[in-house]
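Have a look at the structure below, then the notes.
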Amino acid sequence: MLTLPARFAAVILCFAPLLFQRSWQHAKVLLVGAILAPGRRTVSSILRIAGLGRERRFVNYHRVLNRAVWSGTAAAKVLLGLLLDSFVPTGPVLLGLDDTIERRRGKRISAKGIYRDPVRSSHGHFVKASGLRWLSLVLLAPIPWVGRVWALPFLTALAPSERYCRERGRCHKKLTDWGRQLVLQARR
């Protein structure tokens with residue numbers, strides 16, 4: 001059984017009402033393992049770092065991510081509350097938006113598109129990347145021990161490509177529209 005120091009348990013237990021009891025036991029292991037795991041944070045590496053590398057029912061941990069019923073918006077609300085209490089309890093709340101491309105390949109990844117790669121491109125050189133575009137709403141918080149402002153993400157949305165929307169008969173939303181929707185969601 002996973003036992004945590006009281007200081008960490010108090011923070012992690014804030015997320016407990018978001019899941020059913022059985023799913024919460026597995027989610028708690030995934031959450032703590034994701035914090036501790038070096039390198040890629042796959043379910044297998046998380047289970048190994050938690051001492052469950054030989055777990056026979058490892059599929060239950062995968063189900064937390066793909067079948068368990070929980071709300072990402074409710075989790076973002078809890079996370080934003082924790083971030084505000086910890087980093088800006090009295091000051092003004094500054095939010096930022098950041099888009100990133102998750103490089104993914106495969107036939108089953110349907111929302112992917114081809115985008116300008118901001119990391120590899122320069123002013124005179126244009127580089128394209130294929131993958132999923134995610135838009136993150138971040139809390140811009142001054143971190144005292146670092147001496148600078150950090151962007152702490154708490155709400156993320158997939159912004160599908162124009163081709164994906166056209167193929168499904170949906171109206172394509174620009175990044176600015178997605179950003180406005182995320183900000184309104186955070187305001188609520």
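Just remember, in the structure tokens the first chain shown is A, the second B, etc., residues are 1-based per chain, and ligands are 1-based in the order shown.
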Which neighbours of segment 122-131 of chain A fall inside 6 Å, counting only C-alpha atoms, when residues of the same chain fewer than 3 positions from it are skipped, and could you give them as number ranges by chain? A: 102-104, 112-117
Residue selection dump (N, CA and C atoms) as a CSV table (one decimal), in the first residue's frame:
```csv
chain,number,residue,atom,x,y,z
A,102,GLU,N,2.7,18.1,-30.2
A,102,GLU,CA,3.1,16.8,-29.8
A,102,GLU,C,3.3,16.0,-31.1
A,103,ARG,N,4.6,15.7,-31.3
A,103,ARG,CA,4.9,14.9,-32.5
A,103,ARG,C,4.4,13.5,-32.4
A,104,ARG,N,3.3,13.2,-33.2
A,104,ARG,CA,2.7,11.9,-33.2
A,104,ARG,C,2.5,11.4,-34.6
A,112,LYS,N,-4.4,14.9,-36.0
A,112,LYS,CA,-3.1,15.5,-36.3
A,112,LYS,C,-3.1,16.4,-37.5
A,113,GLY,N,-2.2,17.3,-37.6
A,113,GLY,CA,-2.0,18.2,-38.7
A,113,GLY,C,-0.6,18.5,-38.9
A,114,ILE,N,-0.3,19.4,-39.9
A,114,ILE,CA,1.0,19.8,-40.2
A,114,ILE,C,1.1,21.3,-39.8
A,115,TYR,N,2.0,21.6,-38.9
A,115,TYR,CA,2.1,23.0,-38.4
A,115,TYR,C,3.6,23.5,-38.5
A,116,ARG,N,3.7,24.8,-38.4
A,116,ARG,CA,5.1,25.4,-38.3
A,116,ARG,C,5.7,25.0,-37.0
A,117,ASP,N,6.9,24.5,-37.0
A,117,ASP,CA,7.6,24.1,-35.8
A,117,ASP,C,8.3,25.3,-35.3
```
Within 7 Å of segment 31-38 of chain A, counting only C-alpha atoms, which residues qualify if same-chain residues fewer than 3 places away don't, as JSON, numbers by chain? {"A": [27, 28, 41, 45, 46, 47, 49, 50]}
Would you mind listing what lies within 10 Å of Val11 of chain A as a PDB file with all heavy atoms, in the first residue's frame, with only C-alpha atoms counted and same-chain residues fewer than 3 positions away left out?
```pdb
ATOM      1  N   ALA A   6       2.367  13.288   5.303  1.00  0.00           N
ATOM      2  CA  ALA A   6       1.112  14.025   5.482  1.00  0.00           C
ATOM      3  C   ALA A   6       1.061  15.291   4.634  1.00  0.00           C
ATOM      4  O   ALA A   6       0.000  15.658   4.109  1.00  0.00           O
ATOM      5  CB  ALA A   6       0.920  14.377   6.951  1.00  0.00           C
ATOM      6  N   ARG A   7       2.191  15.943   4.467  1.00  0.00           N
ATOM      7  CA  ARG A   7       2.231  17.185   3.695  1.00  0.00           C
ATOM      8  C   ARG A   7       1.857  16.949   2.228  1.00  0.00           C
ATOM      9  O   ARG A   7       1.154  17.734   1.613  1.00  0.00           O
ATOM     10  CB  ARG A   7       3.626  17.779   3.801  1.00  0.00           C
ATOM     11  CG  ARG A   7       3.747  19.161   3.321  1.00  0.00           C
ATOM     12  CD  ARG A   7       5.116  19.679   3.671  1.00  0.00           C
ATOM     13  NE  ARG A   7       5.207  21.074   3.340  1.00  0.00           N
ATOM     14  CZ  ARG A   7       6.264  21.803   3.522  1.00  0.00           C
ATOM     15  NH1 ARG A   7       7.332  21.264   4.065  1.00  0.00           N
ATOM     16  NH2 ARG A   7       6.288  23.057   3.190  1.00  0.00           N
ATOM     17  N   PHE A   8       2.350  15.858   1.644  1.00  0.00           N
ATOM     18  CA  PHE A   8       2.037  15.531   0.262  1.00  0.00           C
ATOM     19  C   PHE A   8       0.642  14.939   0.143  1.00  0.00           C
ATOM     20  O   PHE A   8      -0.071  15.201  -0.831  1.00  0.00           O
ATOM     21  CB  PHE A   8       3.054  14.550  -0.316  1.00  0.00           C
ATOM     22  CG  PHE A   8       4.443  15.106  -0.373  1.00  0.00           C
ATOM     23  CD1 PHE A   8       5.496  14.434   0.219  1.00  0.00           C
ATOM     24  CD2 PHE A   8       4.708  16.300  -1.005  1.00  0.00           C
ATOM     25  CE1 PHE A   8       6.762  14.944   0.168  1.00  0.00           C
ATOM     26  CE2 PHE A   8       5.980  16.816  -1.064  1.00  0.00           C
ATOM     27  CZ  PHE A   8       7.019  16.131  -0.477  1.00  0.00           C
ATOM     28  N   CYS A  14      -6.764  16.247  -2.453  1.00  0.00           N
ATOM     29  CA  CYS A  14      -7.702  17.224  -3.027  1.00  0.00           C
ATOM     30  C   CYS A  14      -8.328  16.701  -4.317  1.00  0.00           C
ATOM     31  O   CYS A  14      -9.419  17.123  -4.692  1.00  0.00           O
ATOM     32  CB  CYS A  14      -6.985  18.538  -3.313  1.00  0.00           C
ATOM     33  SG  CYS A  14      -6.438  19.405  -1.846  1.00  0.00           S
ATOM     34  N   PHE A  15      -7.639  15.779  -4.991  1.00  0.00           N
ATOM     35  CA  PHE A  15      -8.132  15.236  -6.247  1.00  0.00           C
ATOM     36  C   PHE A  15      -9.007  13.993  -6.057  1.00  0.00           C
ATOM     37  O   PHE A  15      -9.589  13.504  -7.019  1.00  0.00           O
ATOM     38  CB  PHE A  15      -6.960  14.898  -7.176  1.00  0.00           C
ATOM     39  CG  PHE A  15      -6.193  16.108  -7.612  1.00  0.00           C
ATOM     40  CD1 PHE A  15      -5.061  16.521  -6.931  1.00  0.00           C
ATOM     41  CD2 PHE A  15      -6.610  16.854  -8.697  1.00  0.00           C
ATOM     42  CE1 PHE A  15      -4.354  17.638  -7.329  1.00  0.00           C
ATOM     43  CE2 PHE A  15      -5.924  17.977  -9.103  1.00  0.00           C
ATOM     44  CZ  PHE A  15      -4.788  18.367  -8.416  1.00  0.00           C
ATOM     45  N   ALA A  16      -9.091  13.475  -4.842  1.00  0.00           N
ATOM     46  CA  ALA A  16      -9.831  12.241  -4.579  1.00  0.00           C
ATOM     47  C   ALA A  16     -11.315  12.313  -4.952  1.00  0.00           C
ATOM     48  O   ALA A  16     -11.852  11.336  -5.494  1.00  0.00           O
ATOM     49  CB  ALA A  16      -9.674  11.836  -3.116  1.00  0.00           C
ATOM     50  N   VAL A  78      -9.407  22.193  -9.492  1.00  0.00           N
ATOM     51  CA  VAL A  78      -8.704  21.854  -8.243  1.00  0.00           C
ATOM     52  C   VAL A  78      -7.241  22.270  -8.338  1.00  0.00           C
ATOM     53  O   VAL A  78      -6.686  22.872  -7.410  1.00  0.00           O
ATOM     54  CB  VAL A  78      -8.828  20.338  -7.950  1.00  0.00           C
ATOM     55  CG1 VAL A  78      -7.941  19.933  -6.789  1.00  0.00           C
ATOM     56  CG2 VAL A  78     -10.277  19.980  -7.671  1.00  0.00           C
ATOM     57  N   LEU A  79      -6.607  21.972  -9.471  1.00  0.00           N
ATOM     58  CA  LEU A  79      -5.198  22.311  -9.649  1.00  0.00           C
ATOM     59  C   LEU A  79      -4.977  23.814  -9.623  1.00  0.00           C
ATOM     60  O   LEU A  79      -4.035  24.300  -8.981  1.00  0.00           O
ATOM     61  CB  LEU A  79      -4.679  21.722 -10.963  1.00  0.00           C
ATOM     62  CG  LEU A  79      -3.215  21.968 -11.283  1.00  0.00           C
ATOM     63  CD1 LEU A  79      -2.313  21.421 -10.178  1.00  0.00           C
ATOM     64  CD2 LEU A  79      -2.867  21.333 -12.624  1.00  0.00           C
ATOM     65  N   LEU A  82      -5.097  25.030  -6.051  1.00  0.00           N
ATOM     66  CA  LEU A  82      -3.860  24.708  -5.333  1.00  0.00           C
ATOM     67  C   LEU A  82      -2.716  25.632  -5.751  1.00  0.00           C
ATOM     68  O   LEU A  82      -1.931  26.088  -4.908  1.00  0.00           O
ATOM     69  CB  LEU A  82      -3.469  23.248  -5.570  1.00  0.00           C
ATOM     70  CG  LEU A  82      -4.373  22.196  -4.940  1.00  0.00           C
ATOM     71  CD1 LEU A  82      -4.022  20.808  -5.448  1.00  0.00           C
ATOM     72  CD2 LEU A  82      -4.267  22.247  -3.424  1.00  0.00           C
TER      73      LEU A  82
END
```
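If you count only C-alpha atoms and ignore residues fewer than 6 places along the chain from segment 137-143 of chain A, what sits within 6 Å of it is Leu94, Leu95, Gly96, Leu97, Val149, Trp150, Ala151, Leu152, Pro153, Phe154 and Leu155 of chain A.
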I want to know what sits within 12 Å of Gln185 of chain A, based on only C-alpha atoms, with residues of the same chain fewer than 4 positions away left out; could you give that as a PyMOL selection string? chain A and resi 72-74+76-77+80+137+154-157+178-181
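With only C-alpha atoms as the atoms that count, the residue of A:Arg188, A:Val119, A:Leu83, A:Ala111 with the shortest distance to Arg166 of chain A is A:Ala111.
Shortest atom-to-atom contact with Ala186 of chain A among A:His62, A:Ser136, A:Glu55, A:Phe87: A:Ser136, counting only C-alpha atoms.
Here the question is which of A:Pro5, A:Asn60, A:Asp177, A:Ser86 gets nearest to Leu30 of chain A using only C-alpha atoms, and that residue is A:Asn60.
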What is the atom CA of Arg133 of chain A to atom CA of Ser121 of chain A distance in Å? 16.2 Å
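The smallest atom-to-atom distance between Leu158 of chain A and any of A:Thr100, A:Trp145, A:Thr176, A:Val88, using only C-alpha atoms, is found for A:Thr100.
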